[in-house]
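As stored in coords.cif (mmCIF, C-alpha atoms and all ligand atoms):
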```cif
data_target
#
loop_
_atom_site.label_atom_id
_atom_site.label_comp_id
_atom_site.auth_asym_id
_atom_site.auth_seq_id
_atom_site.Cartn_x
_atom_site.Cartn_y
_atom_site.Cartn_z
CA MET S 15 155.56 -0.38 71.89
CA LYS S 16 155.75 1.63 68.64
CA THR S 17 158.58 0.98 66.18
CA ALA S 18 160.32 3.71 64.18
CA PHE S 19 162.73 3.15 61.31
CA ILE S 20 165.19 5.98 60.62
CA THR S 21 167.34 6.47 57.52
CA GLY S 22 170.25 8.84 58.12
CA ILE S 23 170.31 7.84 61.80
CA THR S 24 174.11 8.28 61.95
CA GLY S 25 173.77 11.97 60.96
CA GLN S 26 173.14 14.96 63.24
CA ASP S 27 169.33 14.84 63.14
CA GLY S 28 169.18 11.04 63.16
CA ALA S 29 171.11 10.92 66.44
CA TYR S 30 168.86 13.49 68.21
CA LEU S 31 165.69 11.94 66.77
CA ALA S 32 166.72 8.44 67.89
CA GLN S 33 167.41 9.78 71.39
CA PHE S 34 164.02 11.53 71.50
CA LEU S 35 162.10 8.46 70.24
CA LEU S 36 163.86 6.16 72.71
CA GLN S 37 162.82 8.58 75.47
CA GLN S 38 159.22 8.28 74.18
CA GLY S 39 159.44 4.47 74.59
CA TYR S 40 159.87 3.57 70.91
CA ARG S 41 161.77 0.60 69.54
CA VAL S 42 164.22 2.35 67.18
CA CYS S 43 165.64 0.65 64.07
CA GLY S 44 168.24 2.41 61.95
CA LEU S 45 169.66 2.01 58.46
CA ILE S 46 173.43 1.80 58.44
CA ALA S 47 175.40 2.13 55.21
CA ARG S 48 178.62 0.18 54.78
CA ARG S 49 181.57 2.56 55.34
CA SER S 50 185.28 1.91 55.94
CA THR S 51 185.25 4.12 59.05
CA ASN S 52 183.10 4.24 62.19
CA THR S 53 180.00 6.38 61.64
CA LEU S 54 178.52 5.83 65.10
CA TRP S 55 180.34 8.70 66.88
CA ARG S 56 177.21 10.82 67.35
CA LEU S 57 175.17 7.93 68.78
CA GLU S 58 178.12 7.02 71.01
CA TYR S 59 178.35 10.67 72.16
CA LEU S 60 174.66 10.46 73.20
CA ASP S 61 175.33 6.96 74.61
CA ILE S 62 172.50 5.30 72.65
CA ALA S 63 174.32 3.28 69.93
CA LYS S 64 173.64 0.00 71.73
CA GLU S 65 169.92 0.71 72.00
CA ILE S 66 169.41 0.87 68.24
CA GLU S 67 168.56 -2.17 66.09
CA TRP S 68 170.88 -1.82 63.13
CA ILE S 69 169.91 -2.86 59.61
CA GLU S 70 172.48 -2.64 56.83
CA GLY S 71 171.43 -0.94 53.61
CA ASP S 72 171.85 2.00 51.28
CA MET S 73 169.49 4.64 49.91
CA THR S 74 170.50 3.77 46.36
CA ASP S 75 169.61 0.07 46.81
CA VAL S 76 165.82 -0.25 46.99
CA THR S 77 166.01 -3.98 47.78
CA SER S 78 167.92 -3.21 50.97
CA LEU S 79 165.17 -0.75 51.98
CA ILE S 80 162.41 -3.29 51.31
CA ARG S 81 164.29 -5.85 53.40
CA ALA S 82 164.79 -3.26 56.16
CA LEU S 83 161.05 -2.58 56.38
CA GLN S 84 160.19 -6.30 56.25
CA GLN S 85 162.63 -6.90 59.10
CA SER S 86 161.79 -3.91 61.32
CA LYS S 87 158.00 -3.69 60.69
CA PRO S 88 157.80 0.00 61.71
CA SER S 89 154.68 2.13 62.10
CA GLU S 90 156.72 5.30 61.40
CA VAL S 91 159.56 5.89 58.93
CA TYR S 92 161.73 9.01 59.17
CA ASN S 93 163.68 9.60 55.95
CA LEU S 94 166.66 11.72 56.96
CA ALA S 95 169.40 10.17 54.77
CA ALA S 96 170.84 12.48 52.14
CA GLN S 97 174.01 13.81 50.59
CA SER S 98 173.25 16.91 52.63
CA PHE S 99 176.18 19.27 52.00
CA VAL S 100 175.23 21.96 49.48
CA GLY S 101 178.86 22.61 48.45
CA THR S 102 179.48 18.95 47.56
CA SER S 103 176.33 18.86 45.44
CA TRP S 104 178.15 20.79 42.70
CA GLU S 105 181.10 18.36 42.83
CA GLN S 106 178.89 15.23 42.98
CA PRO S 107 175.58 16.23 41.36
CA ILE S 108 174.75 12.70 40.15
CA THR S 109 175.35 11.05 43.53
CA THR S 110 173.33 13.85 45.14
CA GLY S 111 170.48 13.12 42.72
CA HIS S 112 170.64 9.36 43.37
CA VAL S 113 170.68 9.64 47.17
CA THR S 114 168.82 12.88 47.97
CA ALA S 115 166.17 12.72 45.21
CA LEU S 116 165.64 9.13 44.04
CA GLY S 117 166.42 7.75 47.51
CA VAL S 118 163.13 9.28 48.70
CA LEU S 119 161.24 7.43 45.98
CA HIS S 120 162.99 4.20 46.98
CA VAL S 121 161.74 4.53 50.55
CA LEU S 122 158.20 5.42 49.41
CA GLU S 123 158.13 2.43 47.05
CA ALA S 124 159.40 0.17 49.83
CA ILE S 125 156.49 1.43 51.98
CA ARG S 126 153.97 0.92 49.16
CA LEU S 127 155.20 -2.65 48.61
CA THR S 128 155.50 -3.73 52.24
CA ASP S 129 152.92 -1.81 54.32
CA PRO S 130 151.16 1.32 52.97
CA SER S 131 149.81 2.11 56.45
CA ILE S 132 153.32 3.16 57.59
CA ARG S 133 153.54 6.89 58.37
CA PHE S 134 156.35 8.63 56.46
CA TYR S 135 158.37 11.76 57.28
CA GLN S 136 160.46 13.46 54.57
CA ALA S 137 163.33 15.79 55.47
CA SER S 138 162.64 18.65 53.09
CA SER S 139 164.71 21.82 53.20
CA SER S 140 164.56 25.61 53.09
CA GLU S 141 167.18 25.28 50.31
CA MET S 142 164.16 24.59 48.07
CA PHE S 143 163.22 28.29 48.43
CA GLY S 144 166.65 29.29 47.10
CA LEU S 145 166.56 32.56 45.22
CA VAL S 146 164.83 35.01 47.52
CA GLN S 147 161.33 35.80 46.35
CA GLU S 148 159.94 36.93 49.67
CA ALA S 149 161.22 37.23 53.22
CA HIS S 150 159.43 35.12 55.86
CA GLN S 151 159.21 32.04 53.65
CA SER S 152 156.14 29.92 54.37
CA GLU S 153 154.40 26.82 52.98
CA GLN S 154 152.95 29.12 50.27
CA THR S 155 156.25 30.62 49.07
CA PRO S 156 157.22 29.48 45.54
CA PHE S 157 160.34 27.29 45.23
CA TYR S 158 163.46 28.30 43.25
CA PRO S 159 166.35 26.00 44.25
CA ARG S 160 169.91 27.25 43.63
CA SER S 161 172.04 24.08 43.86
CA PRO S 162 171.91 20.45 42.72
CA TYR S 163 171.14 19.68 46.37
CA GLY S 164 168.17 22.07 46.40
CA VAL S 165 166.87 20.62 43.13
CA ALA S 166 167.19 17.07 44.49
CA LYS S 167 165.33 18.05 47.68
CA LEU S 168 162.55 19.55 45.57
CA TYR S 169 162.10 16.19 43.82
CA GLY S 170 161.97 14.47 47.23
CA HIS S 171 159.41 17.00 48.43
CA TRP S 172 157.06 16.67 45.44
CA ILE S 173 157.29 12.88 45.24
CA THR S 174 156.24 12.83 48.91
CA VAL S 175 153.23 15.04 48.12
CA ASN S 176 152.48 12.88 45.08
CA TYR S 177 152.50 9.58 47.03
CA ARG S 178 150.22 11.17 49.62
CA GLU S 179 147.76 12.20 46.89
CA SER S 180 148.13 9.11 44.64
CA PHE S 181 148.23 6.27 47.16
CA LYS S 182 146.83 7.89 50.33
CA ILE S 183 150.09 7.19 52.14
CA PHE S 184 150.41 9.24 55.35
CA ALA S 185 153.42 11.18 54.02
CA SER S 186 154.42 14.50 55.65
CA SER S 187 157.21 16.82 54.71
CA GLY S 188 159.04 19.10 57.12
CA ILE S 189 160.56 22.11 55.35
CA LEU S 190 163.29 22.67 57.90
CA PHE S 191 165.50 25.73 58.01
CA ASN S 192 169.16 25.36 59.09
CA HIS S 193 169.59 23.67 62.44
CA GLU S 194 172.84 23.06 64.23
CA SER S 195 174.31 21.46 67.36
CA PRO S 196 177.57 20.17 68.82
CA LEU S 197 176.91 17.10 66.61
CA ARG S 198 176.86 19.15 63.38
CA GLY S 199 179.27 17.98 60.64
CA ILE S 200 182.49 20.04 60.57
CA GLU S 201 181.95 21.08 56.92
CA PHE S 202 178.92 23.25 57.77
CA VAL S 203 179.65 26.89 58.54
CA THR S 204 178.51 27.08 62.19
CA ARG S 205 180.59 24.08 63.27
CA LYS S 206 183.54 25.23 61.13
CA VAL S 207 183.40 28.57 62.97
CA THR S 208 182.90 27.18 66.52
CA ASP S 209 185.68 24.63 65.97
CA GLY S 210 187.89 27.36 64.46
CA ALA S 211 187.27 29.75 67.38
CA ALA S 212 188.11 26.97 69.86
CA ARG S 213 191.33 26.03 68.01
CA ILE S 214 192.47 29.66 67.70
CA LYS S 215 191.77 30.26 71.39
CA LEU S 216 193.83 27.19 72.33
CA GLY S 217 196.71 28.13 70.00
CA GLN S 218 196.10 25.28 67.53
CA GLN S 219 195.17 27.43 64.52
CA LYS S 220 196.05 30.99 63.41
CA GLU S 221 193.21 31.98 61.06
CA LEU S 222 189.85 30.81 59.74
CA ARG S 223 189.15 30.89 56.01
CA LEU S 224 185.51 31.45 54.98
CA GLY S 225 183.54 32.25 51.83
CA ASN S 226 180.48 34.52 51.68
CA ILE S 227 179.91 35.86 55.19
CA ASP S 228 177.10 38.21 54.09
CA SER S 229 174.57 35.44 53.53
CA GLN S 230 171.80 35.23 56.12
CA ARG S 231 170.41 32.08 57.72
CA ASP S 232 167.56 31.21 60.07
CA TRP S 233 169.49 28.98 62.50
CA GLY S 234 167.90 26.84 65.22
CA PHE S 235 168.93 23.94 67.48
CA ALA S 236 168.62 20.41 66.03
CA GLY S 237 167.41 19.05 69.38
CA ASP S 238 164.32 21.30 69.12
CA TYR S 239 163.69 20.49 65.46
CA VAL S 240 163.48 16.69 65.76
CA LYS S 241 160.48 17.10 68.07
CA ALA S 242 158.63 18.81 65.20
CA MET S 243 159.32 15.78 62.95
CA TRP S 244 157.67 13.48 65.47
CA LYS S 245 154.73 15.83 66.03
CA MET S 246 154.03 15.84 62.26
CA LEU S 247 153.51 12.07 62.31
CA GLN S 248 151.13 12.24 65.31
CA GLN S 249 148.57 14.45 63.48
CA SER S 250 145.26 13.13 62.13
CA GLU S 251 146.26 14.12 58.56
CA ALA S 252 149.54 14.29 56.68
CA ASP S 253 150.70 17.78 55.66
CA ASP S 254 153.74 20.00 55.03
CA TYR S 255 155.19 22.38 57.61
CA VAL S 256 157.87 25.09 57.71
CA ILE S 257 160.07 24.65 60.79
CA ALA S 258 162.18 27.72 61.63
CA THR S 259 162.92 30.26 64.36
CA GLY S 260 161.59 33.31 62.46
CA GLN S 261 164.92 35.15 63.04
CA THR S 262 167.78 35.57 60.58
CA THR S 263 171.47 36.37 61.15
CA THR S 264 174.43 36.91 58.82
CA VAL S 265 177.34 34.46 58.85
CA ARG S 266 179.41 37.50 59.95
CA ASP S 267 177.27 38.10 63.07
CA MET S 268 177.30 34.36 63.88
CA CYS S 269 181.15 34.55 63.78
CA ASN S 270 180.99 37.50 66.15
CA ILE S 271 178.97 35.44 68.68
CA ALA S 272 181.37 32.47 68.44
CA PHE S 273 184.59 34.50 68.81
CA ASN S 274 183.09 36.63 71.60
CA ALA S 275 182.40 33.38 73.46
CA VAL S 276 186.18 32.77 73.65
CA GLY S 277 187.02 36.43 74.32
CA LEU S 278 188.38 37.18 70.80
CA ASN S 279 187.48 39.59 67.98
CA TYR S 280 186.50 37.62 64.83
CA GLU S 281 187.81 40.43 62.57
CA ASP S 282 191.37 39.60 63.65
CA TYR S 283 191.13 35.98 62.45
CA ILE S 284 188.66 35.59 59.57
CA VAL S 285 190.23 35.49 56.09
CA ILE S 286 187.88 35.66 53.09
CA ASP S 287 188.80 33.03 50.52
CA PRO S 288 187.08 33.49 47.13
CA LYS S 289 187.59 29.75 46.45
CA LEU S 290 184.96 29.09 49.14
CA TYR S 291 182.27 31.09 47.34
CA ARG S 292 179.54 28.92 45.78
CA PRO S 293 178.62 28.91 42.07
CA ALA S 294 175.14 30.15 43.09
CA GLU S 295 174.25 31.42 46.56
CA VAL S 296 171.10 31.49 48.66
CA ASP S 297 171.37 35.01 50.11
CA LEU S 298 168.55 35.07 52.66
CA LEU S 299 166.67 32.39 54.55
CA LEU S 300 164.05 33.52 57.05
CA GLY S 301 161.20 31.17 57.86
CA ASN S 302 157.65 31.78 58.97
CA PRO S 303 156.83 28.94 61.40
CA ALA S 304 153.26 30.16 62.16
CA LYS S 305 151.56 27.01 60.82
CA ALA S 306 153.78 24.73 62.93
CA LYS S 307 152.97 26.81 66.01
CA GLN S 308 149.25 26.77 65.35
CA LYS S 309 148.80 23.14 64.24
CA LEU S 310 151.66 21.29 65.95
CA GLY S 311 152.07 23.48 69.01
CA TRP S 312 155.77 23.62 68.10
CA GLU S 313 158.15 26.53 68.66
CA ALA S 314 161.94 26.87 68.60
CA GLU S 315 163.19 26.94 72.19
CA THR S 316 166.89 27.78 71.81
CA SER S 317 168.31 31.19 70.80
CA LEU S 318 171.23 31.43 68.35
CA GLN S 319 173.39 32.94 71.11
CA THR S 320 172.75 29.95 73.40
CA LEU S 321 173.24 27.48 70.53
CA ILE S 322 176.58 28.92 69.37
CA GLU S 323 177.87 29.15 72.94
CA MET S 324 176.89 25.49 73.49
CA MET S 325 178.78 24.53 70.30
CA VAL S 326 181.88 26.56 71.24
CA GLU S 327 181.89 24.92 74.69
CA ALA S 328 181.74 21.43 73.16
CA ASP S 329 184.50 22.28 70.67
CA LEU S 330 186.77 23.69 73.39
CA ASP S 331 186.35 20.37 75.27
CA ARG S 332 187.07 18.33 72.13
CA VAL S 333 190.18 20.32 71.19
CA LYS S 334 191.50 20.20 74.80
CA SER S 335 191.03 16.41 74.87
CA GLN S 336 193.22 16.13 71.75
CA LEU S 337 196.10 18.24 73.14
P1 LIG Z 1 173.90 14.68 57.95
O1 LIG Z 1 174.71 15.02 56.75
O2 LIG Z 1 174.47 14.91 59.31
O3 LIG Z 1 173.46 13.13 57.87
C1 LIG Z 1 173.19 12.50 56.65
C2 LIG Z 1 172.86 11.05 56.88
O4 LIG Z 1 172.55 10.41 55.62
C3 LIG Z 1 174.00 10.23 57.50
O5 LIG Z 1 173.46 9.32 58.43
C4 LIG Z 1 174.55 9.46 56.31
O6 LIG Z 1 175.16 8.23 56.63
C5 LIG Z 1 173.26 9.19 55.55
N1 LIG Z 1 173.49 8.80 54.16
C6 LIG Z 1 174.13 9.54 53.20
N2 LIG Z 1 174.18 8.81 52.05
C7 LIG Z 1 173.57 7.62 52.28
C8 LIG Z 1 173.31 6.49 51.51
N3 LIG Z 1 173.68 6.41 50.22
N4 LIG Z 1 172.66 5.44 52.07
C9 LIG Z 1 172.29 5.48 53.39
N5 LIG Z 1 172.52 6.54 54.19
C10 LIG Z 1 173.15 7.62 53.65
O7 LIG Z 1 172.50 15.47 57.79
P2 LIG Z 1 171.58 16.16 58.91
O8 LIG Z 1 171.39 15.22 60.03
O9 LIG Z 1 172.05 17.55 59.16
O10 LIG Z 1 170.21 16.32 58.10
C11 LIG Z 1 169.24 15.28 58.07
C12 LIG Z 1 168.34 15.44 56.86
O11 LIG Z 1 167.69 16.70 56.93
C13 LIG Z 1 169.07 15.45 55.52
O12 LIG Z 1 168.20 14.85 54.56
C14 LIG Z 1 169.26 16.91 55.21
O13 LIG Z 1 169.38 17.12 53.82
C15 LIG Z 1 167.96 17.47 55.76
N6 LIG Z 1 168.00 18.85 56.22
C16 LIG Z 1 168.94 19.24 57.13
C17 LIG Z 1 168.95 20.52 57.62
C18 LIG Z 1 169.96 20.98 58.61
O14 LIG Z 1 170.08 22.20 58.79
N7 LIG Z 1 170.66 20.08 59.28
C19 LIG Z 1 167.92 21.50 57.17
C20 LIG Z 1 166.95 20.96 56.24
C21 LIG Z 1 167.00 19.68 55.79
P3 LIG Z 1 176.78 8.11 56.91
O15 LIG Z 1 176.97 8.55 58.33
O16 LIG Z 1 177.04 6.68 56.70
O17 LIG Z 1 177.45 9.02 55.91
P1 LIG Z 2 173.62 25.56 53.97
O1 LIG Z 2 174.64 25.44 55.18
O2 LIG Z 2 174.29 25.61 52.67
O3 LIG Z 2 172.69 26.69 54.33
O4 LIG Z 2 172.86 24.15 54.04
P2 LIG Z 2 176.19 25.79 55.32
O5 LIG Z 2 176.46 25.86 56.78
O6 LIG Z 2 177.06 24.91 54.49
O7 LIG Z 2 176.29 27.27 54.67
C1 LIG Z 2 175.60 28.37 55.22
C2 LIG Z 2 176.07 29.67 54.57
O8 LIG Z 2 177.41 29.95 54.98
C3 LIG Z 2 178.16 30.36 53.84
N1 LIG Z 2 179.59 30.12 54.05
C4 LIG Z 2 180.16 28.92 54.24
N2 LIG Z 2 179.63 27.68 54.31
C5 LIG Z 2 180.46 26.64 54.54
N3 LIG Z 2 179.94 25.41 54.65
N4 LIG Z 2 181.80 26.80 54.68
C6 LIG Z 2 182.40 28.03 54.60
O9 LIG Z 2 183.62 28.16 54.71
C7 LIG Z 2 181.53 29.15 54.37
N5 LIG Z 2 181.74 30.49 54.26
C8 LIG Z 2 180.56 31.05 54.06
C9 LIG Z 2 177.56 29.54 52.70
O10 LIG Z 2 177.93 30.10 51.43
C10 LIG Z 2 176.09 29.65 53.03
O11 LIG Z 2 175.57 30.86 52.55
C11 LIG Z 2 172.47 23.57 55.27
C12 LIG Z 2 172.55 22.04 55.12
O12 LIG Z 2 172.35 21.45 56.37
C13 LIG Z 2 171.49 21.53 54.16
O13 LIG Z 2 171.47 20.10 54.17
C14 LIG Z 2 170.13 22.06 54.62
O14 LIG Z 2 169.12 21.63 53.75
C15 LIG Z 2 170.16 23.58 54.71
O15 LIG Z 2 171.16 23.97 55.62
C16 LIG Z 2 168.83 24.17 55.16
#
```
Here is the file; what I need is its structure written in the form of C-alpha cells.
Ligand code: NDP
Ligand code: GDR
Amino acid sequence: MKTAFITGITGQDGAYLAQFLLQQGYRVCGLIARRSTNTLWRLEYLDIAKEIEWIEGDMTDVTSLIRALQQSKPSEVYNLAAQSFVGTSWEQPITTGHVTALGVLHVLEAIRLTDPSIRFYQASSSEMFGLVQEAHQSEQTPFYPRSPYGVAKLYGHWITVNYRESFKIFASSGILFNHESPLRGIEFVTRKVTDGAARIKLGQQKELRLGNIDSQRDWGFAGDYVKAMWKMLQQSEADDYVIATGQTTTVRDMCNIAFNAVGLNYEDYIVIDPKLYRPAEVDLLLGNPAKAKQKLGWEAETSLQTLIEMMVEADLDRVKSQL
C-alpha cells in the first residue's frame, strides 16, 4: 500500500485529492494546523475524515514537517497548503510569504533531510502569469505576478525546480488555473456568486456586491484537477505542467450562468463596489493544457455551465437547511 502525505488537506483540493487517493488504495496522512474552529467540514462532507491519519503541524514550523514525514513515511508528498486568497495577500503579505513561499522550502528541506526518494508535488498557480503577455498561457509563457500571493507562488515554483535540479529530488509543479467546486471557500468569486444567487432566490439576501466583473478566468472543476496532480507523480521524470480547460469566461458571464440557474437575471441584483477592486488585477487567464493532454493523458471533463449549476444546487441545499 502506498502512503501519501498531504499539506493543505483541509482545503478544497486537499479534500478531493484525499478522496481520490483513498479510492486508489493509498494510506493518506494529512497535516492539520491548530485552529480554534473545526476545519474538517470538507472531509466530513465527503465522509472521509475518519480515514485520514492526522499529524499536527504548521507550514511555518519546519520541525513539525520533519516530524510529520518521519511519522508518516510517505512515498508521495502533495504540498497544497497556502494562504491562497489573492485579496488577503495584500493585507497579510508577510504571512503569505512565510506560508506560501517559504513553506514550500520547508517541505523540500524536510524531504531532503528525511528521505530524498519521496516524490513531491507543488501547487503552483496561473497567478504567476499575472500581467497578460500572451493568451493561451503555457509552460513557456514568461511569468509576471501581480500580487504578493503570485510573487510567493513564483518563489515556491522556482525552489521546486531548483531542488529538482540541485538534489535530483522528484519534484513536479502543476501550474493550475482556477478550479472550483461546492467545497470552494466562500471568499472566492464563484462560490460568493453561487451562494449569493441561492440566498437571493430563497429571500435571504437582496443584492450581491462584487468588484471587477470584466476580468476573465479559465475555470475548471477541482475534482478533475486533483487527478492531474496524481498523474504528475506517476511519470518516469519530474516536470512542470499547465492544467486548464483552454476556455475563458468573464466574471459577468459566470454570474449570468449562476443566476439563470435559479431563474433570475443577474443584472437586477449585482452591485459594483469599488472597494472590492484589487490594487493590481490579473485581467485574463486562459491556459493551454496541450502538454498535460499529450504527456499525462489528462483533460478537463466538466464544463463551466455544469460546474456552476452543481455549485448553485449545493448552495440552495445549504441555505434551505439553515432556514
Ligand atoms: P484552500 O484555501 O481551500 O486551502 C488551503 C489549505 O492550506 C487549507 O488546508 C489550510 O488549512 C492550509 N494552510 C494554510 N496555512 C497553513 C499553515 N500555516 N500551516 C498548515 N496549513 C495551512 O486552497 P485550495 O484547496 O483552493 O488550493 C490548494 C493549493 O493550490 C493552494 O496552494 C493554492 O494556492 C493552490 N492553487 C489553487 C487554485 C484554485 O483555483 N483552487 C489554482 C492554483 C493553485 P486550514 O483549513 O487550517 O486553514
Ligand atoms: P483568483 O480568484 O484571484 O483568480 O485566485 P478569485 O475567485 O478570488 O477572483 C477571480 C476574479 O474575480 C474578481 N472579482 C472578485 N473576486 C472575489 N474573490 N470577490 C469579489 O467580490 C470579486 N469581484 C470580482 C477578482 O478581481 C478576480 O479577477 C484563485 C485562487 O484560488 C488562487 O489561490 C489561485 O492560485 C488562482 O485562483 C489561480
Shortest interatomic distance to ligand LIG 1 (chain Z) - which of S:Asp254, S:Asp72, S:Glu65, S:Glu281, counting only C-alpha atoms and all ligand atoms: S:Asp72
Sort by chain and increasing residue number a table of all residues of chain S within 6 Å of ligand LIG 1 (chain Z), each with its closest pair of atoms and their distance in Å to one decimal, counting only C-alpha atoms and all ligand atoms, and write it as CSV.
```
residue,atom,partner,partner_atom,distance
S:Gly22,CA,Z:LIG1,O5,3.3
S:Ile23,CA,Z:LIG1,O5,4.8
S:Thr24,CA,Z:LIG1,O5,3.7
S:Gly25,CA,Z:LIG1,O3,3.3
S:Gln26,CA,Z:LIG1,O8,3.7
S:Asp27,CA,Z:LIG1,O8,3.7
S:Gly28,CA,Z:LIG1,O8,5.7
S:Ala47,CA,Z:LIG1,C9,4.9
S:Thr53,CA,Z:LIG1,O15,5.0
S:Asp72,CA,Z:LIG1,N4,3.6
S:Met73,CA,Z:LIG1,N4,3.9
S:Thr74,CA,Z:LIG1,N3,5.7
S:Leu94,CA,Z:LIG1,C12,4.1
S:Ala95,CA,Z:LIG1,O4,3.3
S:Ala96,CA,Z:LIG1,O12,4.3
S:Gln97,CA,Z:LIG1,C6,5.0
S:Ser98,CA,Z:LIG1,O13,4.1
S:Val113,CA,Z:LIG1,N3,5.4
S:Ala137,CA,Z:LIG1,O11,4.7
S:Ser138,CA,Z:LIG1,C21,5.2
S:Ser139,CA,Z:LIG1,C20,3.9
S:Leu190,CA,Z:LIG1,C20,4.4
S:Phe191,CA,Z:LIG1,C19,4.9
S:Asn192,CA,Z:LIG1,O14,3.3
S:His193,CA,Z:LIG1,O14,4.0
S:Gly199,CA,Z:LIG1,O2,5.9
```
Would you export the selected residues with C-alpha atoms as a tab-separated table (two decimals), in the coordinates of the input, please?
```
chain	number	residue	atom	x	y	z
S	22	GLY	CA	170.25	8.84	58.12
S	23	ILE	CA	170.31	7.84	61.80
S	24	THR	CA	174.11	8.28	61.95
S	25	GLY	CA	173.77	11.97	60.96
S	26	GLN	CA	173.14	14.96	63.24
S	27	ASP	CA	169.33	14.84	63.14
S	28	GLY	CA	169.18	11.04	63.16
S	47	ALA	CA	175.40	2.13	55.21
S	53	THR	CA	180.00	6.38	61.64
S	72	ASP	CA	171.85	2.00	51.28
S	73	MET	CA	169.49	4.64	49.91
S	74	THR	CA	170.50	3.77	46.36
S	94	LEU	CA	166.66	11.72	56.96
S	95	ALA	CA	169.40	10.17	54.77
S	96	ALA	CA	170.84	12.48	52.14
S	97	GLN	CA	174.01	13.81	50.59
S	98	SER	CA	173.25	16.91	52.63
S	113	VAL	CA	170.68	9.64	47.17
S	137	ALA	CA	163.33	15.79	55.47
S	138	SER	CA	162.64	18.65	53.09
S	139	SER	CA	164.71	21.82	53.20
S	190	LEU	CA	163.29	22.67	57.90
S	191	PHE	CA	165.50	25.73	58.01
S	192	ASN	CA	169.16	25.36	59.09
S	193	HIS	CA	169.59	23.67	62.44
S	199	GLY	CA	179.27	17.98	60.64
```
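Across the model, the gap from atom C8 of ligand LIG 2 (chain Z) to CA of Leu145 (chain S) is 16.6 Å.
Look at region 178-180 of chain S: the protein and nucleic acid residues within 12 Å of it, using all atoms listed in the file and passing over chain neighbours fewer than 2 places away, are Leu122, Ile125, Arg126, Pro130, Ser131, Ile132, Arg133, Phe134, Tyr135, Gln136, His171, Trp172, Ile173, Thr174, Val175, Asn176, Lys182, Ile183, Phe184, Ala185, Ser186, Ser187, Glu251, Ala252, Asp253 and Asp254 of chain S.
With distances taken over all atoms listed in the file, S:Gly101 is the one residue among S:Gly101, S:Gly311, S:Gly301, S:Gly237 lying closest to ligand LIG 2 (chain Z).
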Excluding same-chain residues fewer than 3 positions from region 312-319 of chain S, what lies within 10 Å of it counting all atoms listed in the file, as a ChimeraX atom specification? /S:193-194,232-239,241-242,245-246,257-263,268,271-272,275,303-309,322-324
Pick out the residues no farther than 9 Å from ligand LIG 2 (chain Z), counting all atoms listed in the file, and list them as a ChimeraX atom specification. /S:96-101,137-142,163-164,167,189-194,198-207,222-233,264-266,286-287,290-292,294-299
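Ranking S:Lys215, S:Arg160, S:Lys220, S:Arg49 by their shortest atom-to-atom distance to Asp329 (chain S), with only C-alpha atoms included, puts S:Lys215 first.
Of the residues under consideration (S:Met325, S:Tyr30, S:Gln84, S:Leu337), S:Met325 shows the shortest atom-to-atom contact distance to Pro196 (chain S) when counting all atoms listed in the file.
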Give me, as a ChimeraX atom specification, all polymer residues having an atom no more than 8 Å from Val121 (chain S), counting all atoms listed in the file and skipping those fewer than 3 positions away in the same chain. /S:73,76,79-80,93,117-118,124-125
How big is the axis-aligned box around all listed atoms of region 292-299 of chain S once 4 Å goes on each side, and where's its centre, in Å to one decimal, as lines of an AutoDock Vina configuration file?
```
center_x = 173.1
center_y = 32.0
center_z = 48.3
size_x = 20.9
size_y = 14.2
size_z = 20.5
```
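The coordinates place CA of Tyr280 (chain S) at 16.4 Å from CA of Leu330 (chain S).
Here CA of Ser78 (chain S) stands at a distance of 24.0 Å from CA of Met243 (chain S).
For Lys16 (chain S), the set of protein, DNA and RNA residues having any atom at most 9 Å away, when counting all atoms listed in the file and skipping those fewer than 2 positions along the same chain, is Ala18, Gly39, Tyr40, Arg41, Val42, Pro88, Ser89 and Glu90 of chain S.
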Counting all atoms listed in the file, what is within 8 Å of Ala82 (chain S), bar same-chain residues fewer than 4 positions away, as a VMD selection string? chain S and resid 45 69 to 71 78 86
One residue among S:Ser335, S:Thr77, S:Gln33, S:Gln85 is nearest to Asp61 (chain S) when using all atoms listed in the file, and that residue is S:Gln33
Export: region 71-89 of chain S, C-alpha atoms, as a PDB file, in the first residue's frame:
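Ended up saving to result_16.pdb:
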```
ATOM      1  CA  GLY S  71       1.908  20.784  12.289  1.00  0.00           C
ATOM      2  CA  ASP S  72       2.252  24.095  10.513  1.00  0.00           C
ATOM      3  CA  MET S  73       3.906  25.192   7.266  1.00  0.00           C
ATOM      4  CA  THR S  74       5.899  27.828   9.125  1.00  0.00           C
ATOM      5  CA  ASP S  75       7.376  25.272  11.563  1.00  0.00           C
ATOM      6  CA  VAL S  76       9.886  23.111   9.689  1.00  0.00           C
ATOM      7  CA  THR S  77      10.422  20.831  12.703  1.00  0.00           C
ATOM      8  CA  SER S  78       6.746  19.850  12.612  1.00  0.00           C
ATOM      9  CA  LEU S  79       7.114  18.951   8.914  1.00  0.00           C
ATOM     10  CA  ILE S  80      10.222  16.835   9.561  1.00  0.00           C
ATOM     11  CA  ARG S  81       8.379  15.016  12.348  1.00  0.00           C
ATOM     12  CA  ALA S  82       5.364  14.533  10.065  1.00  0.00           C
ATOM     13  CA  LEU S  83       7.492  12.844   7.390  1.00  0.00           C
ATOM     14  CA  GLN S  84       9.339  10.711   9.966  1.00  0.00           C
ATOM     15  CA  GLN S  85       5.995   9.575  11.344  1.00  0.00           C
ATOM     16  CA  SER S  86       4.100   9.004   8.078  1.00  0.00           C
ATOM     17  CA  LYS S  87       6.977   7.691   5.886  1.00  0.00           C
ATOM     18  CA  PRO S  88       5.241   8.635   2.608  1.00  0.00           C
ATOM     19  CA  SER S  89       6.375   7.845  -0.932  1.00  0.00           C
TER      20      SER S  89
END
```
